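The file input-v9.cif comes next; it holds mmCIF, C-alpha atoms (C1' of nucleotides).
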data_coords
loop_
_atom_site.label_atom_id
_atom_site.label_comp_id
_atom_site.auth_asym_id
_atom_site.auth_seq_id
_atom_site.Cartn_x
_atom_site.Cartn_y
_atom_site.Cartn_z
CA MET A 22 125.31 147.02 151.13
CA PHE A 23 122.58 146.42 148.58
CA ALA A 24 122.77 145.94 144.85
CA LEU A 25 119.89 146.60 142.51
CA ALA A 26 120.11 144.73 139.23
CA ASP A 27 117.73 146.05 136.59
CA CYS A 28 117.24 144.74 133.06
CA ASN A 29 117.62 147.46 130.46
CA ASN A 30 114.44 148.11 128.46
CA PHE A 31 113.45 144.61 129.49
CA TYR A 32 110.50 143.79 127.22
CA ALA A 33 112.21 145.27 124.19
CA SER A 34 115.36 143.29 125.04
CA CYS A 35 113.37 140.05 125.29
CA HIS A 36 112.08 140.48 121.75
CA ARG A 37 115.52 141.29 120.40
CA LEU A 38 116.82 138.04 121.80
CA PHE A 39 114.83 136.06 119.27
CA GLU A 40 114.75 138.61 116.47
CA PRO A 41 118.27 140.08 116.52
CA GLN A 42 117.58 142.05 113.34
CA TYR A 43 116.02 144.59 115.73
CA ASN A 44 119.28 145.27 117.56
CA GLY A 45 120.40 148.85 117.00
CA VAL A 46 117.04 150.03 115.67
CA PRO A 47 114.15 151.66 117.54
CA VAL A 48 111.78 149.13 119.15
CA ILE A 49 108.63 149.64 121.22
CA VAL A 50 106.37 147.23 123.08
CA LEU A 51 102.65 147.93 123.55
CA SER A 52 100.37 147.23 126.49
CA ASN A 53 97.45 144.81 126.28
CA ASN A 54 95.04 145.65 123.47
CA ASP A 55 97.96 147.41 121.77
CA GLY A 56 96.93 150.44 123.83
CA CYS A 57 100.01 152.32 125.11
CA VAL A 58 103.77 152.17 124.89
CA ILE A 59 105.14 150.25 127.89
CA ALA A 60 108.74 149.63 126.81
CA ARG A 61 111.16 151.41 124.51
CA SER A 62 114.64 150.62 123.28
CA ASN A 63 117.20 153.41 123.70
CA GLU A 64 116.81 154.24 120.00
CA ALA A 65 113.04 154.62 120.44
CA LYS A 66 113.59 156.89 123.46
CA ALA A 67 115.93 158.98 121.31
CA CYS A 68 113.13 159.34 118.74
CA GLY A 69 111.09 161.05 121.45
CA ILE A 70 108.57 158.25 122.03
CA ALA A 71 107.12 158.85 125.51
CA MET A 72 106.46 156.13 128.07
CA GLY A 73 102.73 155.46 128.20
CA ALA A 74 101.98 157.22 124.92
CA PRO A 75 98.75 155.92 123.33
CA PHE A 76 99.68 153.94 120.24
CA PHE A 77 97.07 155.51 117.98
CA LYS A 78 98.45 158.96 118.69
CA ILE A 79 102.01 158.17 117.62
CA ARG A 80 101.40 156.24 114.42
CA ASP A 81 102.94 158.98 112.32
CA GLU A 82 106.15 159.06 114.35
CA ILE A 83 106.41 155.29 114.18
CA LYS A 84 106.21 155.42 110.42
CA LYS A 85 108.61 158.34 110.19
CA HIS A 86 111.34 156.69 112.32
CA ASN A 87 110.59 153.18 111.09
CA ILE A 88 110.05 151.91 114.63
CA ALA A 89 109.50 148.18 115.18
CA VAL A 90 106.30 147.48 117.12
CA PHE A 91 105.57 144.46 119.35
CA SER A 92 102.41 143.44 121.22
CA SER A 93 103.21 142.52 124.82
CA HIS A 94 103.94 138.90 125.46
CA TYR A 95 104.04 138.15 129.17
CA THR A 96 104.70 134.43 128.92
CA LEU A 97 107.92 135.23 127.10
CA TYR A 98 108.97 137.92 129.58
CA GLY A 99 108.19 135.70 132.56
CA ASP A 100 110.33 132.93 131.20
CA ILE A 101 113.29 135.16 130.36
CA SER A 102 112.96 136.88 133.73
CA ALA A 103 113.29 133.53 135.51
CA ARG A 104 116.57 132.89 133.66
CA VAL A 105 117.97 136.27 134.66
CA MET A 106 116.98 135.78 138.31
CA THR A 107 118.50 132.30 138.43
CA ASN A 108 121.79 133.74 137.24
CA LEU A 109 121.70 136.60 139.75
CA ALA A 110 120.99 134.19 142.61
CA ARG A 111 124.37 132.55 142.04
CA PHE A 112 126.15 135.61 143.45
CA THR A 113 124.67 135.90 146.94
CA PRO A 114 122.33 133.96 149.21
CA GLU A 115 120.30 137.12 149.85
CA VAL A 116 118.01 137.72 146.89
CA GLU A 117 114.78 139.67 146.56
CA VAL A 118 113.08 139.43 143.19
CA TYR A 119 111.41 142.82 143.24
CA SER A 120 109.66 142.80 139.89
CA ILE A 121 109.77 141.05 136.55
CA ASP A 122 112.94 142.95 135.59
CA GLU A 123 114.48 144.02 138.90
CA CYS A 124 116.23 142.23 141.70
CA PHE A 125 117.81 143.39 144.97
CA LEU A 126 120.89 141.51 146.16
CA GLY A 127 122.27 141.65 149.70
CA LEU A 128 126.02 142.23 149.47
CA SER A 129 126.95 142.81 153.11
CA GLY A 130 130.44 141.53 153.81
CA PHE A 131 131.43 141.46 150.14
CA GLU A 132 134.54 143.34 149.03
CA ASN A 133 135.69 144.96 145.79
CA LEU A 134 132.10 145.81 145.00
CA LYS A 135 132.82 147.52 141.72
CA GLU A 136 134.61 144.47 140.37
CA TYR A 137 131.95 142.15 141.74
CA GLY A 138 129.23 144.22 140.12
CA LYS A 139 131.01 144.00 136.80
CA THR A 140 131.31 140.23 137.11
CA ILE A 141 127.59 139.89 137.91
CA ARG A 142 126.65 142.06 134.99
CA GLU A 143 128.85 140.28 132.48
CA THR A 144 127.70 136.86 133.63
CA VAL A 145 124.03 137.70 133.18
CA ILE A 146 124.62 139.25 129.79
CA ASN A 147 126.66 136.25 128.65
CA ASN A 148 124.27 133.62 129.92
CA THR A 149 120.93 135.19 129.02
CA GLY A 150 121.62 137.82 126.37
CA ILE A 151 119.69 140.41 128.42
CA PRO A 152 121.59 143.64 129.14
CA ILE A 153 121.42 144.73 132.79
CA SER A 154 122.63 147.60 134.97
CA ILE A 155 123.78 147.35 138.56
CA GLY A 156 123.71 149.97 141.30
CA ILE A 157 125.34 149.31 144.66
CA ALA A 158 124.83 151.42 147.82
CA PRO A 159 124.20 151.22 151.58
CA THR A 160 120.38 151.35 151.29
CA LYS A 161 117.76 150.24 148.81
CA VAL A 162 116.72 153.79 147.93
CA LEU A 163 120.35 154.71 147.28
CA ALA A 164 120.85 151.49 145.29
CA LYS A 165 117.99 152.65 143.08
CA VAL A 166 119.75 155.97 142.58
CA ALA A 167 123.03 154.17 141.86
CA ASN A 168 121.30 151.91 139.37
CA LYS A 169 119.81 154.74 137.39
CA THR A 170 123.09 156.64 137.47
CA SER A 171 124.93 153.52 136.27
CA LYS A 172 123.15 153.60 132.93
CA LYS A 173 125.43 156.48 131.95
CA HIS A 174 128.54 154.80 133.37
CA ASN A 175 128.97 151.42 131.65
CA GLY A 176 126.25 149.74 133.67
CA VAL A 177 127.85 149.50 137.12
CA MET A 178 127.84 152.22 139.78
CA VAL A 179 128.88 152.01 143.43
CA LEU A 180 127.87 154.77 145.86
CA GLU A 181 129.85 154.14 148.98
CA THR A 182 131.45 157.27 150.45
CA GLN A 183 129.50 160.29 151.71
CA GLN A 184 131.06 162.30 148.90
CA GLN A 185 129.97 159.87 146.19
CA ILE A 186 126.45 159.81 147.61
CA SER A 187 126.00 163.57 147.92
CA ASP A 188 127.48 164.14 144.45
CA ALA A 189 125.04 161.68 142.94
CA LEU A 190 122.06 163.13 144.83
CA SER A 191 122.81 166.71 143.85
CA GLU A 192 122.36 165.79 140.18
CA TYR A 193 119.43 163.46 140.70
CA PRO A 194 115.95 164.80 139.83
CA VAL A 195 113.61 164.49 142.82
CA GLU A 196 110.84 163.03 140.66
CA ASP A 197 113.06 160.05 139.80
CA LEU A 198 113.38 158.96 143.42
CA TRP A 199 111.88 155.61 144.35
CA GLY A 200 108.76 156.51 146.30
CA ILE A 201 108.13 159.92 144.74
CA GLY A 202 105.25 159.68 142.33
CA ARG A 203 103.41 162.27 140.28
CA GLN A 204 101.59 163.93 143.17
CA PHE A 205 104.55 164.39 145.48
CA ALA A 206 106.87 165.37 142.64
CA HIS A 207 104.46 168.12 141.66
CA LYS A 208 104.17 169.39 145.24
CA LEU A 209 107.94 169.29 145.86
CA ILE A 210 108.91 171.01 142.63
CA LYS A 211 106.34 173.71 143.30
CA ASP A 212 108.09 174.32 146.63
CA GLY A 213 111.46 174.58 144.89
CA VAL A 214 112.69 171.11 145.77
CA GLU A 215 114.10 169.85 142.50
CA THR A 216 116.92 167.47 143.34
CA ALA A 217 117.28 164.49 145.65
CA ALA A 218 119.90 166.47 147.60
CA GLN A 219 117.40 169.28 148.21
CA PHE A 220 114.81 166.76 149.32
CA ARG A 221 117.29 165.21 151.75
CA ALA A 222 117.97 168.67 153.18
CA LEU A 223 114.30 169.18 154.14
CA PRO A 224 113.45 168.99 157.86
CA VAL A 225 112.20 165.52 158.73
CA ASP A 226 109.06 166.99 160.37
CA TRP A 227 108.03 168.53 157.08
CA VAL A 228 108.46 165.16 155.38
CA GLN A 229 106.46 163.40 158.10
CA THR A 230 103.60 165.91 157.84
CA HIS A 231 103.32 165.92 154.09
CA MET A 232 104.44 162.47 153.08
CA THR A 233 103.65 160.26 156.12
CA ILE A 234 105.91 157.57 157.47
CA VAL A 235 106.59 156.33 153.94
CA GLY A 236 108.31 159.58 153.04
CA VAL A 237 110.31 159.60 156.27
CA ARG A 238 111.63 156.13 155.57
CA MET A 239 112.75 157.21 152.16
CA TRP A 240 114.36 160.36 153.58
CA ARG A 241 116.31 158.31 156.15
CA GLU A 242 117.45 155.90 153.48
CA LEU A 243 118.86 158.83 151.53
CA TRP A 244 120.97 159.64 154.61
CA GLY A 245 122.32 156.09 154.51
CA GLU A 246 120.17 154.56 157.25
CA SER A 247 118.69 151.32 155.98
CA CYS A 248 114.95 151.21 156.78
CA ILE A 249 113.64 148.97 154.03
CA PRO A 250 114.98 145.48 154.62
CA LEU A 251 115.61 142.91 151.95
CA LYS A 252 112.56 140.68 151.54
CA THR A 253 114.01 137.29 150.76
CA ILE A 254 110.76 135.48 151.52
CA LEU A 255 107.67 136.68 149.69
CA ASP A 256 104.71 137.75 151.79
CA PRO A 257 101.57 135.81 151.01
CA LYS A 258 99.42 137.62 148.46
CA LYS A 259 96.49 139.59 149.83
CA GLY A 260 94.46 139.94 146.69
CA MET A 261 94.41 138.77 143.14
CA CYS A 262 92.72 140.34 140.16
CA THR A 263 91.92 139.62 136.53
CA SER A 264 91.05 142.79 134.71
CA ARG A 265 91.35 143.38 131.04
CA ALA A 266 89.93 145.84 128.54
CA PHE A 267 87.97 144.32 125.68
CA GLY A 268 89.11 144.60 122.07
CA LYS A 269 85.98 146.73 121.50
CA LEU A 270 83.35 148.39 123.69
CA THR A 271 80.26 146.32 124.36
CA GLY A 272 76.92 146.63 126.12
CA ASP A 273 75.83 143.15 125.07
CA TYR A 274 74.94 141.06 128.12
CA HIS A 275 75.84 137.81 126.41
CA GLU A 276 79.32 139.05 125.55
CA LEU A 277 79.82 140.39 129.06
CA LYS A 278 78.83 137.00 130.43
CA GLU A 279 81.41 135.29 128.26
CA ALA A 280 84.14 137.71 129.27
CA THR A 281 83.25 137.50 132.96
CA SER A 282 83.31 133.70 132.81
CA ASN A 283 86.65 133.79 131.07
CA TYR A 284 88.22 136.21 133.57
CA ALA A 285 86.81 134.27 136.54
CA ALA A 286 88.28 131.07 135.09
CA ARG A 287 91.69 132.75 134.68
CA LEU A 288 91.51 134.01 138.21
CA ALA A 289 90.65 130.53 139.49
CA GLY A 290 93.64 129.14 137.60
CA LYS A 291 95.95 131.77 139.10
CA LEU A 292 94.66 130.99 142.60
CA ARG A 293 95.28 127.27 142.13
CA ARG A 294 98.77 127.85 140.79
CA GLU A 295 99.63 129.74 143.98
CA LYS A 296 97.74 127.22 146.13
CA LEU A 297 95.39 129.88 147.48
CA CYS A 298 91.63 130.08 148.00
CA THR A 299 89.50 133.19 148.06
CA THR A 300 86.79 134.13 150.56
CA VAL A 301 85.55 137.29 148.83
CA LEU A 302 84.92 137.84 145.14
CA SER A 303 84.08 141.17 143.54
CA VAL A 304 82.95 141.99 140.03
CA LYS A 305 83.07 145.42 138.44
CA LEU A 306 82.05 146.77 135.06
CA LEU A 307 83.72 149.88 133.66
CA THR A 308 82.92 152.18 130.77
CA ASN A 309 85.67 154.00 128.87
CA LYS A 310 86.57 157.12 130.85
CA PHE A 311 88.37 158.68 127.90
CA ILE A 312 85.21 159.09 125.87
CA ALA A 313 83.81 162.30 127.32
CA ASP A 314 80.40 162.28 125.62
CA GLU A 315 79.68 158.63 126.45
CA LEU A 316 77.57 157.77 129.52
CA GLN A 317 79.85 156.61 132.33
CA ALA A 318 79.13 153.86 134.87
CA TYR A 319 81.27 151.74 137.18
CA PRO A 320 78.84 149.35 138.89
CA SER A 321 80.42 146.81 141.21
CA ILE A 322 79.52 144.19 143.79
CA THR A 323 81.48 142.45 146.54
CA ILE A 324 80.36 138.92 147.34
CA PRO A 325 81.45 137.12 150.53
CA LEU A 326 81.72 133.40 149.79
CA GLU A 327 80.20 130.65 151.91
CA HIS A 328 83.53 128.89 152.11
CA PRO A 329 86.97 129.46 150.59
CA VAL A 330 87.28 128.22 147.00
CA ASN A 331 89.56 128.20 144.00
CA ASN A 332 87.64 125.93 141.65
CA THR A 333 86.63 127.24 138.25
CA VAL A 334 82.96 126.21 138.42
CA ASP A 335 82.12 127.97 141.68
CA LEU A 336 84.05 131.10 140.79
CA ILE A 337 82.40 131.42 137.38
CA ASN A 338 78.96 130.91 138.89
CA THR A 339 79.57 133.46 141.61
CA ALA A 340 80.99 136.00 139.18
CA LEU A 341 78.01 135.59 136.84
CA TRP A 342 75.60 136.01 139.73
CA GLY A 343 77.41 139.27 140.55
CA LEU A 344 77.36 140.41 136.93
CA LYS A 345 73.60 139.91 136.78
CA LYS A 346 73.18 142.05 139.89
CA ILE A 347 75.24 144.98 138.62
CA TYR A 348 74.55 144.97 134.88
CA LEU A 349 73.01 148.19 133.67
CA ARG A 350 71.49 148.38 130.21
CA GLY A 351 72.35 151.23 127.92
CA TYR A 352 76.07 151.59 128.61
CA GLN A 353 79.05 150.67 126.47
CA TYR A 354 81.49 148.82 128.70
CA GLN A 355 85.20 148.70 128.10
CA LYS A 356 86.29 146.34 130.79
CA VAL A 357 85.24 143.86 133.45
CA GLU A 358 87.29 143.22 136.58
CA VAL A 359 87.09 140.09 138.72
CA ASN A 360 88.87 140.50 142.05
CA ALA A 361 89.60 137.98 144.78
CA THR A 362 90.44 139.17 148.29
CA GLY A 363 90.66 137.53 151.70
CA LEU A 364 93.05 134.92 150.33
CA ILE A 365 94.03 131.96 152.45
CA PRO A 366 96.30 129.00 151.72
CA GLU A 367 94.59 125.97 150.25
CA SER A 368 95.96 123.89 153.12
CA GLU A 369 94.18 125.98 155.75
CA VAL A 370 90.68 125.76 154.31
CA GLN A 371 87.99 124.76 156.78
CA LEU A 372 85.37 122.69 155.07
CA ASN A 373 81.72 123.50 155.45
CA ILE A 374 79.87 120.24 156.06
CA PHE A 375 77.00 121.12 153.74
CA SER A 376 79.03 122.05 150.71
CA ALA A 377 82.12 119.92 151.22
CA PHE A 378 81.07 117.18 148.84
CA LYS A 379 80.07 119.46 145.98
CA GLY A 380 83.24 121.51 146.37
CA LYS A 381 85.39 118.42 146.22
CA LYS A 382 83.84 117.38 142.92
CA TYR A 383 84.52 120.78 141.37
CA ASP A 384 88.04 120.73 142.75
CA GLN A 385 88.64 117.49 140.87
CA VAL A 386 87.24 118.95 137.66
CA SER A 387 89.57 121.93 138.04
CA ARG A 388 92.57 119.72 138.62
CA VAL A 389 91.91 117.82 135.40
CA LEU A 390 91.39 121.11 133.58
CA ASP A 391 94.79 122.33 134.79
CA GLN A 392 96.56 119.11 133.85
CA LEU A 393 95.15 119.06 130.32
CA ASN A 394 95.85 122.73 129.71
CA LEU A 395 99.39 122.40 131.03
CA HIS A 396 100.04 119.50 128.70
CA TYR A 397 98.24 120.65 125.57
CA GLY A 398 98.52 124.42 125.97
CA ALA A 399 96.50 127.12 127.74
CA GLY A 400 92.85 127.30 126.69
CA THR A 401 92.72 123.78 125.20
CA LEU A 402 89.90 122.88 127.56
CA ARG A 403 87.61 125.53 128.98
CA MET A 404 84.09 126.11 130.20
CA ALA A 405 81.44 126.46 127.52
CA GLY A 406 80.31 129.75 129.04
CA GLU A 407 83.63 131.36 128.14
CA GLY A 408 82.43 131.47 124.56
CA LYS A 409 83.77 130.33 121.23
CA ASN A 410 84.17 133.41 119.09
CA GLN A 411 85.08 135.79 121.89
CA LYS A 412 84.42 138.99 119.97
CA TRP A 413 85.48 140.92 123.06
CA SER A 414 88.96 139.42 123.26
CA MET A 415 91.94 141.73 123.23
CA LYS A 416 93.80 143.10 120.27
CA ARG A 417 97.36 141.85 119.76
CA GLU A 418 98.13 142.80 116.24
CA PHE A 419 101.91 142.61 116.62
CA LEU A 420 102.16 139.36 118.57
CA ARG A 421 105.25 137.21 118.06
CA PRO A 422 105.59 133.42 118.56
CA HIS A 423 105.98 131.79 121.99
CA TYR A 424 109.67 131.15 121.39
CA THR A 425 110.39 129.53 124.73
CA THR A 426 107.04 128.25 125.96
CA ASN A 427 105.42 126.42 123.03
CA TRP A 428 106.98 123.43 121.27
CA ASN A 429 105.64 124.54 117.90
CA ASP A 430 107.21 127.98 118.16
CA ILE A 431 110.77 127.01 119.02
CA ILE A 432 113.21 128.49 116.51
CA LYS A 433 114.95 126.10 114.16
CA VAL A 434 118.74 126.21 113.79
CA LYS A 435 119.86 125.22 110.32
"C1'" DT B 30 88.49 153.28 115.54
"C1'" DC B 31 92.23 153.24 119.17
"C1'" DT B 32 94.25 155.41 126.05
"C1'" DG B 33 97.29 148.53 130.31
"C1'" DG B 34 97.28 145.30 134.23
"C1'" DG B 35 98.52 143.85 138.63
"C1'" DG B 36 99.90 144.87 142.98
"C1'" DT B 37 101.37 147.33 147.92
"C1'" DC B 38 101.08 150.43 151.97
"C1'" DC B 39 99.20 154.22 154.97
"C1'" DT B 40 95.62 157.19 157.01
"C1'" DA B 41 91.25 158.80 158.57
"C1'" DG B 42 86.89 157.95 160.12
"C1'" DG B 43 83.11 155.18 161.63
"C1'" DA B 44 81.22 151.21 164.10
"C1'" DC B 45 81.76 148.56 167.70
"C1'" DC B 46 83.67 146.44 172.23
"C1'" DC B 47 84.15 146.65 177.56
"C1'" DT C 21 73.55 169.85 186.27
"C1'" DC C 22 77.07 166.69 184.86
"C1'" DT C 23 78.00 162.25 180.10
"C1'" DG C 24 85.09 158.44 179.99
"C1'" DG C 25 88.86 156.08 178.39
"C1'" DG C 26 90.96 152.76 176.01
"C1'" DG C 27 90.88 149.69 172.54
"C1'" DT C 28 89.99 146.83 167.72
"C1'" DC C 29 88.35 146.13 163.16
"C1'" DC C 30 86.79 147.51 158.73
"C1'" DT C 31 86.44 150.43 154.66
"C1'" DA C 32 87.33 154.03 151.40
"C1'" DG C 33 90.48 156.88 149.46
"C1'" DG C 34 94.88 158.25 148.15
"C1'" DA C 35 99.52 157.63 147.43
"C1'" DC C 36 103.05 154.63 145.42
"C1'" DC C 37 105.54 150.65 142.58
"C1'" DC C 38 106.78 148.06 137.95
#
Let me see the file written as structure tokens.
Amino acid sequence: MFALADCNNFYASCHRLFEPQYNGVPVIVLSNNDGCVIARSNEAKACGIAMGAPFFKIRDEIKKHNIAVFSSHYTLYGDISARVMTNLARFTPEVEVYSIDECFLGLSGFENLKEYGKTIRETVINNTGIPISIGIAPTKVLAKVANKTSKKHNGVMVLETQQQISDALSEYPVEDLWGIGRQFAHKLIKDGVETAAQFRALPVDWVQTHMTIVGVRMWRELWGESCIPLKTILDPKKGMCTSRAFGKLTGDYHELKEATSNYAARLAGKLRREKLCTTVLSVKLLTNKFIADELQAYPSITIPLEHPVNNTVDLINTALWGLKKIYLRGYQYQKVEVNATGLIPESEVQLNIFSAFKGKKYDQVSRVLDQLNLHYGAGTLRMAGEGKNQKWSMKREFLRPHYTTNWNDIIKVK
DNA sequence: TCTGGGGTCCTAGGACCC
DNA sequence: TCTGGGGTCCTAGGACCC
């Protein structure tokens, strides 16, 4: 048996933790650059605010319903997430942290699952203040179904018997299944398949033909055959990317250089934190696809590296070399992406005899950079090329303090 | 004015090997 | 005149996830 624990309206719940005056009122959280809605409290959902809605298009509704607005704050969410996961891990040795707000638990051999689920849920809520829901079923896909169903049943739902499973599936919209996205949902509904039960009743050959092996796995899981095992050990990452829209469009080469340097430096930092090196770096510029009458361009370059690196100096230099190659005058760019692929563990790097010495020096510089920034706060020390004024940096108009990750922002108890 | 960011997996087709 | 069979690796594109 598997349990899926899922934090309710996670980002919104994180903000409420430190500003409880927003309990019981509509709350939304915006994506980077305050672009779209990425989290909504139940009250905000009830106001009809759609997931993914562009912020500028719903300003009137926000005013009308007096909705509280927050810029996204991933350091806060990451920290709260870790607390939730630590609590969940106390209940079984088999844990898969599936995303920032979801966790699969292996519960094979456990009894009284309903009661156990309630205990897990109450413990997490008590210890972290984050509301969660728990779905328990024989497969991961069914646990997902149980989880979603649980939100209408006091937060814990067990699907164990054939009857319970088929009852749940017959009311479950096919587009809400884990593994059915927009494309497949559209195709299925057009063919009259509207519920999970109807999908399960399709011949497996049809599923194989139209939805490949991925669809078949999902179909089998709906019949109670577990095909997607619990991943208790994370696979090594295959790629890593820093990509962020600017606060404004720009065609200015100097600004693009600053942004590219900054993103490459962030990427280097992420690689070092995970003790990985990259062997291939790509850089891509993108214009804003939503502006129909603006000239569009997406120039990119993929650069194989002489030897695997994760130091800031080499990655910035390589990224800037790439930028120079792809830069086209006369376009207004919205975003630059810096992507690392062909990742290998730091410990497995083969040194190239010609560049070993230089690389070592830059590795030392990067290590000092990391130590200082860890101690004094991110961005304290950075490369001059990353710029000072950073006119391109993202918009976060509704940003709250770093309640749990910055000494100066910790709340005072009187 | 203003539309996110970071990932995974699978398949088909082409280049190449002996 | 007739032109094989069995592989691997890589990439692009398309689907999906939160």
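In this comparison, which uses all atoms listed in the file, the residue of A:Gly202, A:Gly245, A:Pro257, A:Gly406 approaching DG34 in chain C most closely is A:Gly202.
Among the candidates A:Lys416, A:Arg265, A:His174, A:Lys346, the residue lying nearest to chain B is A:Arg265 (atoms considered: all atoms listed in the file).
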Task: 9 Å contacts from chain A to chain B using all atoms listed in the file, as a PyMOL selection string - done: chain A and resi 51-57+59+73-78+233-235+260-266+311
Mind dumping the selected residues with C-alpha atoms as a CSV table (one decimal), keeping the file's coordinate frame?
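Result went into part25.csv, see below:
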chain,number,residue,atom,x,y,z
A,51,LEU,CA,102.6,147.9,123.6
A,52,SER,CA,100.4,147.2,126.5
A,53,ASN,CA,97.4,144.8,126.3
A,54,ASN,CA,95.0,145.6,123.5
A,55,ASP,CA,98.0,147.4,121.8
A,56,GLY,CA,96.9,150.4,123.8
A,57,CYS,CA,100.0,152.3,125.1
A,59,ILE,CA,105.1,150.2,127.9
A,73,GLY,CA,102.7,155.5,128.2
A,74,ALA,CA,102.0,157.2,124.9
A,75,PRO,CA,98.8,155.9,123.3
A,76,PHE,CA,99.7,153.9,120.2
A,77,PHE,CA,97.1,155.5,118.0
A,78,LYS,CA,98.4,159.0,118.7
A,233,THR,CA,103.6,160.3,156.1
A,234,ILE,CA,105.9,157.6,157.5
A,235,VAL,CA,106.6,156.3,153.9
A,260,GLY,CA,94.5,139.9,146.7
A,261,MET,CA,94.4,138.8,143.1
A,262,CYS,CA,92.7,140.3,140.2
A,263,THR,CA,91.9,139.6,136.5
A,264,SER,CA,91.0,142.8,134.7
A,265,ARG,CA,91.4,143.4,131.0
A,266,ALA,CA,89.9,145.8,128.5
A,311,PHE,CA,88.4,158.7,127.9
- [ ] Record the distance separating CA of Leu243 in chain A and CA of Pro152 in chain A, expressed in Å with one decimal.
- [x] 27.2 Å
Open item on the list: I need the output of the PyMOL selection byres ((chain A and resi 116) around 10) for this file as a ChimeraX atom specification; which residues are they?
Closed with: /A:23-24,106,109-115,117-119,124-128,251-254
Create the file for the chosen residues now, containing C-alpha atoms and written as a PDB file, in the frame of the given file.
ATOM      1  CA  PHE A  23     122.580 146.420 148.580  1.00  0.00           C
ATOM      2  CA  ALA A  24     122.770 145.940 144.850  1.00  0.00           C
ATOM      3  CA  MET A 106     116.980 135.780 138.310  1.00  0.00           C
ATOM      4  CA  LEU A 109     121.700 136.600 139.750  1.00  0.00           C
ATOM      5  CA  ALA A 110     120.990 134.190 142.610  1.00  0.00           C
ATOM      6  CA  ARG A 111     124.370 132.550 142.040  1.00  0.00           C
ATOM      7  CA  PHE A 112     126.150 135.610 143.450  1.00  0.00           C
ATOM      8  CA  THR A 113     124.670 135.900 146.940  1.00  0.00           C
ATOM      9  CA  PRO A 114     122.330 133.960 149.210  1.00  0.00           C
ATOM     10  CA  GLU A 115     120.300 137.120 149.850  1.00  0.00           C
ATOM     11  CA  GLU A 117     114.780 139.670 146.560  1.00  0.00           C
ATOM     12  CA  VAL A 118     113.080 139.430 143.190  1.00  0.00           C
ATOM     13  CA  TYR A 119     111.410 142.820 143.240  1.00  0.00           C
ATOM     14  CA  CYS A 124     116.230 142.230 141.700  1.00  0.00           C
ATOM     15  CA  PHE A 125     117.810 143.390 144.970  1.00  0.00           C
ATOM     16  CA  LEU A 126     120.890 141.510 146.160  1.00  0.00           C
ATOM     17  CA  GLY A 127     122.270 141.650 149.700  1.00  0.00           C
ATOM     18  CA  LEU A 128     126.020 142.230 149.470  1.00  0.00           C
ATOM     19  CA  LEU A 251     115.610 142.910 151.950  1.00  0.00           C
ATOM     20  CA  LYS A 252     112.560 140.680 151.540  1.00  0.00           C
ATOM     21  CA  THR A 253     114.010 137.290 150.760  1.00  0.00           C
ATOM     22  CA  ILE A 254     110.760 135.480 151.520  1.00  0.00           C
TER      23      ILE A 254
END
Task: Exercise: Asn410 in chain A partners within 12 Å, only C-alpha atoms (C1' of nucleotides), chain neighbours under 6 positions left out, as a list of chain:residue names - done: A:His275, A:Glu276, A:Glu279, A:Ala280
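Within the 8 Å cut-off around Lys269 in chain A, using only C-alpha atoms (C1' of nucleotides) and omitting residues fewer than 6 positions from it on the same chain, the listed residues are Gln355, Trp413 and Met415 of chain A.
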Task: Å distance separating CA of Tyr274 in chain A from CA of Asp314 in chain A, one decimal place - done: 22.1 Å
